[in-house]
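Notes follow once the structure below has been shown.
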Amino acid sequence: MSTPAREALDRHATPWLFATALATTAPHFIHQPVWLSAVASALLLWAFWLWWKDQRLPGRWILIPLVGAGSAGILLEFHTLFGRDAGVAMLVMFMTMKLLELKSRRDAMVVVTLGYFLLLTHYLFSQSIPTGLWLLAAMWLVTATLIRLHGGPASSPRDTLRYAGVLSLQAVPFMLVLFLLFPRISGPLWGLPTDAHAGKTGLSDTMSPGSIAELVQNADIAFRVRFDGPLPPRQKLYWRGPVMEQFDGATWQPHKGRSPSPQLESLSPPIGYETTLEAHNQRWLLALDAPRDLPAEFSQNATLTAVTQNPINERQRFQLSASLEYRFNANEDPLVLQRNLALPAGSNPQTRALAEQWRSTNTAEGVIDKALALFAAEFTYTLQPPLLGRHSVDDFLFRSKRGFCEHYAAAFVVLMRAAGVPARVVGGYQGGEFNPLDQYLVVRQSDAHAWTEVWIKQKGWVRIDPTAAVSPSRIETGIANALAFGEPLPLLLQVRSEWVRALRYRWEAINNAWNQGVLGYNPQRQREFLSRLGLSETDWRSLAIALGSTCGLLVAGLMGWALYKHPERDPVVRLWHKALRHLARRKVDYLPWETPLDLARRVRKQHPELAEPFQRVVDAYLVARYGNTDQHLNTLRDAIAQLR
Amino acid sequence: MGLVANLQQKLFRWRSDGTAPLRLGQRRIFIIPSRGGLLFALALIVMLIGAINYNLALGHALVFLLAGLGIVGMIHTFRNLHGLVITPGRSTPVFAGEAAHFQITLENDRPTPRLGLELEAETGNPVSATVDRKKNAKMNIPVSAKTRGWLPLPRVRLTTRYPLGLFTAWAYLQPAMRCLVYPQPIAAPLPVSSPTPVGGERSGDGGQEDFAGFRDRQPADSPRHVAWKASARNAGDRPLLIKQFAGGAQVELMLDWQLTDAGMADETRIGILTGWVLAADAADAHYGLRLPGLDIPNGSGERHRQRCLEALALFQP
């Protein structure tokens with residue numbers, strides 16, 4: 001930077017660097033603050049304009065304040081200069097500013113290296129197949145820029161791009177070998193910045209009217225499941241999330257204190273399955289009800305939810321099993337039962353009155369039946385319920401009569417508690433979509449659901465889904481069929497055309513294979529892969545040997561290609577070269593300005609004993625090469641044979 | 001040859017490669033990461049740590065792809081030199097103080113071009129070269145000629161960083177080439193009279209009297225021949241005028257070592273003689289050169305001039 005540029009940049013290399021900067025920074029514009037994208041674009045345009053007009057680049061006294069202002073802006077926006085978002089913003093800023101300082105090839109190398117680095121930062125935001133493809137193209141472009149920088153103006157853009165493609169393709173085998181064999185360490189190596197996993201959606205641990213309806217708008221995938229055996233019936237697919245026991249009149253929350261561990265009695269054989277959970281930044285695993293065997297790092301809390309110590313902030317795979325028929329806490333702690341009868345004082349008087357009335361004439365089962373019959377008779381299942389007042393359950397039960405699953409679950413639990421039946425709300429997902437192509441069950445955010453559990457003597461906690469009473473099709477075929485036409489569902493779920501669905505299945509199967517095979521390749525998968533290769537002792541040493549020898553083989557192959565010289569096609573020239581090699585062995589080199597006849601004259605002087613045979617070779621060569629006929633190959637061959 | 005000398009030869013090619021064409025084999029080519037390559041490697045390490053820390057599978061893939069690209073780039077950089085045929089060519093004599101140019105032909109018999117080559121005989125004075133597919137390129141390597149006599153071509157370093165610039169590959173060449181360096185001319189008035197006038201109607205006077213008219217000045221004309229007064233009379237932007245002398249009468253001149261001041265250093269005297277030769281040649285004079293132990297009879301023309309200058313270049317007083 002301070003030393004004068006020895007290798008000045010030629011003018012026509014600069015557009016390549018602009019393209020590199022654009023291709024590597026532009027995808028960040030989607031999620032960056034608008035002002036940052038605007039500044040970056042302005043800097044890019046300015047650099048381009050200066051280049052276009054062939055103007056001097058701005059001096060240091062402009063650049064330094066610019067860098068200062070940019071950093072200050074980032075500091076104000078993110079309150080830090082480190083971490084994911086601020087770090088990426090800094091890189092984008094540096095990249096665009098470096099374009100105003102392009103003087104030598106060294107500056108250009110900095111731009112290219114920054115470009116490669118920026119490619120990596122995109123994966124912090126998305127690792128999908130389209131991102132991968134786009135970045136592959138960007139990497140190709142950056143490599144072409146690198147080639148253009150060092151090849152100078154002599155090569156055309158097309159040749160440069162082609163050469164970059166050749167180099168990238170030759171690098172792919174190394175990538176595959178390193179990807180499979182390079183010892184994987186499960187990160188993080190140190191604490192991640194707090195914004196590392198921002199923007200992950202999923203079920204929340206509280207429930208209020210409208211919270212699930214909002215989540216249902218989202219067609220993102222929550223998790224994928226592959227069953228070891230056949231797919232269980234759809235109405236049994238309840239994926240248990242947080243259990244909410246505390247109600248303050250508007251919001252349901254889990255109980256925070258400690259509780260005794262659950263007692264689960266399986267009544268049906270276990271069903272094994274593997275689940276691939278997308279990051280949701282919560283500590284629970286959405287296990288099929290009722291979860292039996294959990295991975296080591298998980299435990300069942302008192303309400304049978306599988307929880308772990310740390311939030312799940314990246315896609316993970318677990319091996320689980322479940323019992324569809326079970327008896328759960330038949331002997332429940334009286335404290336817990338008491339908790340599940342509590343209602344906020346003075347709330348929902350009409351509901352309480354109705355429940356009191358039922359209670360006087362019915363058993364627990366009778367009350368449940370009455371409530372479900374009430375829902376089935378008069379209520380509508382909709383994503384767009386009217387707003388509810390302070391006594392939300394009263395409003396819902398006696399006036400609006402329209403609601404989504406959280407309304408039914410909440411109203412049902414309030415009714416049960418008022419009627420003296422311990423009850424609570426369970427959040428989670430219900431159902432899922434089976435993809436026949438890869439045999440995975442896909443559960444989306446739109447499958448989010450809330451149901452209830454009531455405690456009945458001898459039976460323990462029993463699952464009751466009031467939504468099933470209102471809209472049986474929600475449980476049997478899924479939400480898209482349960483809602484009336486015109487409800488605000490994601491477009492993805494509304495399209496019912498057969499071939500669109502087939503296309504979607506295919507796309508999701510590809511994505512799933514990508515997630516499972518590529519993105520999910522972790523230390524454990526690596527061990528499995530290596531043991532399949534026969535490297536059962538997968539310590540670092542054998543891994544290093546495998547890695548080193550494979551890479552060595554690849555390098556040797558490439559070297560062989562690099563050293564390989566295409567054989568001469570013309571047989572006459574090939575034979576002539578053979579004759580010259582004979583001479584070279586006798587220390588006679590064919591000088592570039594010599595004609596074959598000159599050479600023959602020199603041979604006559606230097607090696608008189610060779611004069612005659614070599615003269616014959618030259619004669620035969622001249623005839624074969626320049627004569628009208630190609631019958632003289634054998635003459636030449638014989639003449640050369642006599643040179644020995 | 002001792003072990004050290006042998007090793008030196010193997011590594012650095014101290015000895016001459018002769019005049020025969022030379023095909024670069026893998027033993028001659030050295031390769032190390034360049035500064036850009038080290039920057040790239042550093043970036044890869046940071047990227048790998050980032051990919052591990054954030055558990056980015058595609059980040060791993062990108063880092064590994066780039067690492068593979070680095071290895072591939074190394075082999076391609078090596079390949080950019082490998083198999084290149086280098087043929088020593090000619091060099092034209094120069095005066096001391098100028099740059100001698102040694103011509104070397106690079107021949108590429110591969111169907112792909114070789115770009116980004118750099119030839120350097122003297123540090124800080126490289127020439128860059130590209131050789132198209134299946135083509136030759138004639139390169140002139142500059143070496144500054146400091147003293148008169150034979151200037152051998154020093155060891156030439158052929159460097160490339162193409163295609164990716166992450167590695168520097170180089171080979172040392174030592175073709176047997178030399179360039180004749182004439183002495184640096186010292187401007188001095190031609191000797192007024194020759195003590196040994198040869199033939200001619202008119203002796204001495206440097207052939208500057210037989211005025212025949214004016215002509216426009218050419219860039220090659222010496223400023224001493226400009227007719228300043230006549231030019232000044234000519235208004236504006238017309239070229240300067242040169243006095244022309246009739247060519248009919250040949251001036252005969254013997255440039256003798258003895259004519260130079262014996263008190264001066266030998267090199268200065270040689271320089272003055274060189275200046276005289278040039279001046280006499282410029283004046284189209286008929287001149288000869290006499291050095292101790294060497295006598296070049298009168299003559300003129302390009303070959304005669306070369307002969308005189310060569311004698312001066314190689315003269316050992």
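Residue names in the structure tokens use chain letters A, B, ... in the order shown, residue numbers from 1 in each chain, and ligand numbers from 1 in the order shown.
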
* What are the residues of chain B that have an atom within 7 Å of an atom of chain A, counting only C-alpha atoms, as a ChimeraX atom specification? -> /B:20-21,36,40,43,47,52-61,64-65,68-69,72,75,79,115-116,161-165

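For Phe412 in chain A, the list of residues within 10 Å, based on only C-alpha atoms and with local chain neighbours fewer than 6 positions off taken out, reads Thr351, Ile368, Ala371, Leu372, Phe375, Val393, Leu397, Glu406, Ala418, Ala423, Arg424, Val425, Trp451, Thr452, Glu453, Val454, Ile464, Asp465, Pro466 and Thr467 of chain A.
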
* If you count only C-alpha atoms, which residues fall within 6 Å of range 326-342 of chain A, apart from same-chain ones fewer than 4 positions away, as a list of chain:residue names? ->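 That gives A:Gln263, A:Leu264, A:Glu265, A:Ser266, A:Leu267, A:Arg417, A:Pro422, A:Ala423, A:Gln458, A:Lys459, A:Gly460, A:Trp461.
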
* Polymer residues at most 9 Å from range 293-298 of chain B, only C-alpha atoms, same-chain spacing of 2 or more positions, as JSON, numbers by chain -> {"B": [198, 252, 253, 254, 286, 287, 288, 289, 290, 291, 300, 304, 307, 308, 311, 315]}

Output N, CA and C atoms for every residue in that selection, as a PDB file, in the first residue's frame.
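Final file, selection14.pdb:
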```
ATOM      1  N   VAL B 198      46.557  10.797 -45.683  1.00  0.00           N
ATOM      2  CA  VAL B 198      46.530   9.689 -46.647  1.00  0.00           C
ATOM      3  C   VAL B 198      45.857  10.202 -47.919  1.00  0.00           C
ATOM      4  N   GLU B 252      39.799  12.442 -45.742  1.00  0.00           N
ATOM      5  CA  GLU B 252      40.619  11.314 -45.274  1.00  0.00           C
ATOM      6  C   GLU B 252      41.082  11.638 -43.868  1.00  0.00           C
ATOM      7  N   LEU B 253      41.000  10.610 -42.978  1.00  0.00           N
ATOM      8  CA  LEU B 253      41.258  10.884 -41.574  1.00  0.00           C
ATOM      9  C   LEU B 253      41.859   9.645 -40.945  1.00  0.00           C
ATOM     10  N   MET B 254      42.913   9.778 -40.198  1.00  0.00           N
ATOM     11  CA  MET B 254      43.439   8.644 -39.458  1.00  0.00           C
ATOM     12  C   MET B 254      43.279   8.954 -37.977  1.00  0.00           C
ATOM     13  N   HIS B 286      36.226   9.374 -44.720  1.00  0.00           N
ATOM     14  CA  HIS B 286      37.021   8.201 -45.023  1.00  0.00           C
ATOM     15  C   HIS B 286      38.035   8.118 -43.913  1.00  0.00           C
ATOM     16  N   TYR B 287      37.894   7.148 -42.993  1.00  0.00           N
ATOM     17  CA  TYR B 287      38.757   7.210 -41.818  1.00  0.00           C
ATOM     18  C   TYR B 287      39.351   5.849 -41.509  1.00  0.00           C
ATOM     19  N   GLY B 288      40.434   5.894 -40.768  1.00  0.00           N
ATOM     20  CA  GLY B 288      41.066   4.667 -40.291  1.00  0.00           C
ATOM     21  C   GLY B 288      41.298   4.781 -38.810  1.00  0.00           C
ATOM     22  N   LEU B 289      41.689   3.660 -38.196  1.00  0.00           N
ATOM     23  CA  LEU B 289      41.901   3.661 -36.750  1.00  0.00           C
ATOM     24  C   LEU B 289      43.258   3.028 -36.477  1.00  0.00           C
ATOM     25  N   ARG B 290      44.030   3.696 -35.637  1.00  0.00           N
ATOM     26  CA  ARG B 290      45.333   3.138 -35.294  1.00  0.00           C
ATOM     27  C   ARG B 290      45.451   3.060 -33.784  1.00  0.00           C
ATOM     28  N   LEU B 291      45.574   1.835 -33.318  1.00  0.00           N
ATOM     29  CA  LEU B 291      45.772   1.589 -31.897  1.00  0.00           C
ATOM     30  C   LEU B 291      47.109   0.884 -31.762  1.00  0.00           C
ATOM     31  N   SER B 300      35.060   3.303 -44.971  1.00  0.00           N
ATOM     32  CA  SER B 300      33.844   3.951 -44.484  1.00  0.00           C
ATOM     33  C   SER B 300      32.713   2.950 -44.570  1.00  0.00           C
ATOM     34  N   HIS B 304      32.676  -0.996 -41.687  1.00  0.00           N
ATOM     35  CA  HIS B 304      33.943  -0.396 -41.262  1.00  0.00           C
ATOM     36  C   HIS B 304      33.799   0.205 -39.869  1.00  0.00           C
ATOM     37  N   ARG B 307      33.735  -2.463 -37.333  1.00  0.00           N
ATOM     38  CA  ARG B 307      35.053  -3.049 -37.153  1.00  0.00           C
ATOM     39  C   ARG B 307      35.879  -2.171 -36.208  1.00  0.00           C
ATOM     40  N   CYS B 308      35.809  -0.853 -36.445  1.00  0.00           N
ATOM     41  CA  CYS B 308      36.565   0.057 -35.599  1.00  0.00           C
ATOM     42  C   CYS B 308      36.064   0.013 -34.164  1.00  0.00           C
ATOM     43  N   ALA B 311      37.103  -3.083 -32.398  1.00  0.00           N
ATOM     44  CA  ALA B 311      38.508  -3.019 -32.005  1.00  0.00           C
ATOM     45  C   ALA B 311      38.662  -2.197 -30.741  1.00  0.00           C
ATOM     46  N   PHE B 315      39.971  -3.552 -27.129  1.00  0.00           N
ATOM     47  CA  PHE B 315      41.367  -3.106 -27.044  1.00  0.00           C
ATOM     48  C   PHE B 315      41.873  -3.177 -25.602  1.00  0.00           C
TER      49      PHE B 315
END
```

* Tell me, as an MDAnalysis selection string, which residues lie within 8 Å of Asp216 in chain B, counting only C-alpha atoms; anything in the same chain fewer than 3 positions away does not count. => chainID B and resid 239:242

* To do: DSSP on the backbone, then: every residue of range 429-541 of chain A marked strand (DSSP E or B), written as number ranges by chain.
  => A: 429-430, 433-435, 440-444, 448-456, 460-464

Take the residues from that selection and write them out as a short mmCIF file (atom, residue, chain, number, x, y, z; two decimals), in the first residue's frame, keeping N, CA and C atoms.
```
data_model
loop_
_atom_site.label_atom_id
_atom_site.label_comp_id
_atom_site.auth_asym_id
_atom_site.auth_seq_id
_atom_site.Cartn_x
_atom_site.Cartn_y
_atom_site.Cartn_z
N TYR A 429 -47.10 -30.33 17.49
CA TYR A 429 -47.50 -30.42 16.08
C TYR A 429 -48.37 -31.65 15.93
N GLN A 430 -49.23 -31.61 14.95
CA GLN A 430 -50.10 -32.77 14.72
C GLN A 430 -50.06 -33.12 13.24
N GLU A 433 -46.90 -34.49 6.55
CA GLU A 433 -47.16 -34.86 5.16
C GLU A 433 -46.15 -35.91 4.76
N PHE A 434 -46.65 -37.04 4.27
CA PHE A 434 -45.76 -38.13 3.92
C PHE A 434 -45.30 -37.95 2.48
N ASN A 435 -43.98 -37.94 2.30
CA ASN A 435 -43.43 -37.83 0.94
C ASN A 435 -43.11 -39.22 0.44
N TYR A 440 -40.06 -39.92 3.83
CA TYR A 440 -39.97 -39.07 5.02
C TYR A 440 -41.32 -38.42 5.27
N LEU A 441 -41.65 -38.29 6.57
CA LEU A 441 -42.83 -37.52 6.95
C LEU A 441 -42.35 -36.11 7.25
N VAL A 442 -42.93 -35.14 6.54
CA VAL A 442 -42.50 -33.75 6.70
C VAL A 442 -43.51 -33.03 7.59
N VAL A 443 -43.04 -32.47 8.68
CA VAL A 443 -43.92 -31.72 9.57
C VAL A 443 -43.54 -30.25 9.47
N ARG A 444 -44.52 -29.43 9.14
CA ARG A 444 -44.27 -28.00 8.93
C ARG A 444 -44.74 -27.18 10.10
N ALA A 448 -48.53 -26.87 13.34
CA ALA A 448 -48.55 -26.56 14.77
C ALA A 448 -49.97 -26.73 15.31
N HIS A 449 -50.04 -27.16 16.53
CA HIS A 449 -51.35 -27.53 17.06
C HIS A 449 -51.32 -27.38 18.58
N ALA A 450 -52.50 -27.27 19.17
CA ALA A 450 -52.61 -27.31 20.64
C ALA A 450 -53.74 -28.26 21.00
N TRP A 451 -53.49 -29.11 21.92
CA TRP A 451 -54.54 -30.02 22.37
C TRP A 451 -54.50 -30.05 23.90
N THR A 452 -55.24 -30.96 24.50
CA THR A 452 -55.30 -30.94 25.97
C THR A 452 -55.06 -32.33 26.54
N GLU A 453 -54.75 -32.33 27.82
CA GLU A 453 -54.66 -33.57 28.57
C GLU A 453 -55.54 -33.42 29.81
N VAL A 454 -56.33 -34.41 30.09
CA VAL A 454 -57.09 -34.39 31.35
C VAL A 454 -56.65 -35.59 32.18
N TRP A 455 -56.75 -35.41 33.49
CA TRP A 455 -56.32 -36.52 34.36
C TRP A 455 -57.54 -37.24 34.87
N ILE A 456 -57.60 -38.54 34.64
CA ILE A 456 -58.74 -39.35 35.06
C ILE A 456 -58.20 -40.45 35.95
N GLY A 460 -54.79 -41.99 34.42
CA GLY A 460 -53.74 -40.98 34.36
C GLY A 460 -54.11 -39.87 33.40
N TRP A 461 -53.06 -39.27 32.80
CA TRP A 461 -53.31 -38.17 31.86
C TRP A 461 -53.72 -38.75 30.51
N VAL A 462 -54.89 -38.26 30.05
CA VAL A 462 -55.42 -38.78 28.79
C VAL A 462 -55.51 -37.61 27.80
N ARG A 463 -55.08 -37.89 26.58
CA ARG A 463 -55.11 -36.82 25.59
C ARG A 463 -56.51 -36.63 25.03
N ILE A 464 -57.00 -35.43 25.09
CA ILE A 464 -58.27 -35.09 24.46
C ILE A 464 -57.99 -33.95 23.49
#
```

* Residue contacts of Leu309 in chain B (8 Å, only C-alpha atoms) excluding same-chain residues fewer than 4 positions away, as a PyMOL selection string -> chain B and resi 182-183+274+277+305+313

Print the selection's residues with N, CA and C atoms to a file, as a tab-separated table (two decimals), in the first residue's frame.
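Generated file (again30.tsv):
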```tsv
chain	number	residue	atom	x	y	z
B	182	TYR	N	30.43	-1.59	-26.91
B	182	TYR	CA	31.37	-0.59	-27.38
B	182	TYR	C	31.68	0.38	-26.25
B	183	PRO	N	32.83	1.03	-26.32
B	183	PRO	CA	33.13	2.00	-25.27
B	183	PRO	C	32.15	3.15	-25.32
B	274	THR	N	36.42	6.63	-29.65
B	274	THR	CA	35.09	6.15	-30.04
B	274	THR	C	34.25	7.31	-30.55
B	277	VAL	N	35.33	8.17	-33.97
B	277	VAL	CA	34.84	7.22	-34.98
B	277	VAL	C	33.40	7.56	-35.35
B	305	ARG	N	32.68	0.86	-39.67
B	305	ARG	CA	32.42	1.47	-38.37
B	305	ARG	C	32.37	0.39	-37.29
B	313	ALA	N	36.33	-1.70	-28.51
B	313	ALA	CA	35.69	-2.39	-27.39
B	313	ALA	C	36.62	-3.41	-26.77
```

* Asked: Can you tell me, as a PyMOL selection string, what residues are no more than 12 Å from Gly346 in chain A when counting only C-alpha atoms, ignoring any on the same chain fewer than 2 positions away?
  -> chain A and resi 248-249+342-344+348-353+390-391+394+418

Writer output for current selection, C-alpha atoms, as a PDB file, in the first residue's frame:
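The resulting again.pdb:
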```
ATOM      1  CA  ASP A 248     -53.495 -16.002  33.903  1.00  0.00           C
ATOM      2  CA  GLY A 249     -56.719 -15.316  32.043  1.00  0.00           C
ATOM      3  CA  ALA A 342     -56.505 -23.596  39.255  1.00  0.00           C
ATOM      4  CA  LEU A 343     -58.257 -20.777  37.420  1.00  0.00           C
ATOM      5  CA  PRO A 344     -57.705 -17.045  37.823  1.00  0.00           C
ATOM      6  CA  ASN A 348     -64.950 -16.264  32.747  1.00  0.00           C
ATOM      7  CA  PRO A 349     -67.990 -16.467  35.081  1.00  0.00           C
ATOM      8  CA  GLN A 350     -70.372 -17.843  32.444  1.00  0.00           C
ATOM      9  CA  THR A 351     -68.062 -20.733  31.601  1.00  0.00           C
ATOM     10  CA  ARG A 352     -67.659 -21.584  35.241  1.00  0.00           C
ATOM     11  CA  ALA A 353     -71.379 -21.596  35.760  1.00  0.00           C
ATOM     12  CA  ARG A 390     -61.391  -9.706  28.891  1.00  0.00           C
ATOM     13  CA  HIS A 391     -63.263 -12.918  29.645  1.00  0.00           C
ATOM     14  CA  ASP A 394     -66.758 -16.641  27.887  1.00  0.00           C
ATOM     15  CA  ALA A 418     -64.132 -25.460  36.442  1.00  0.00           C
TER      16      ALA A 418
END
```
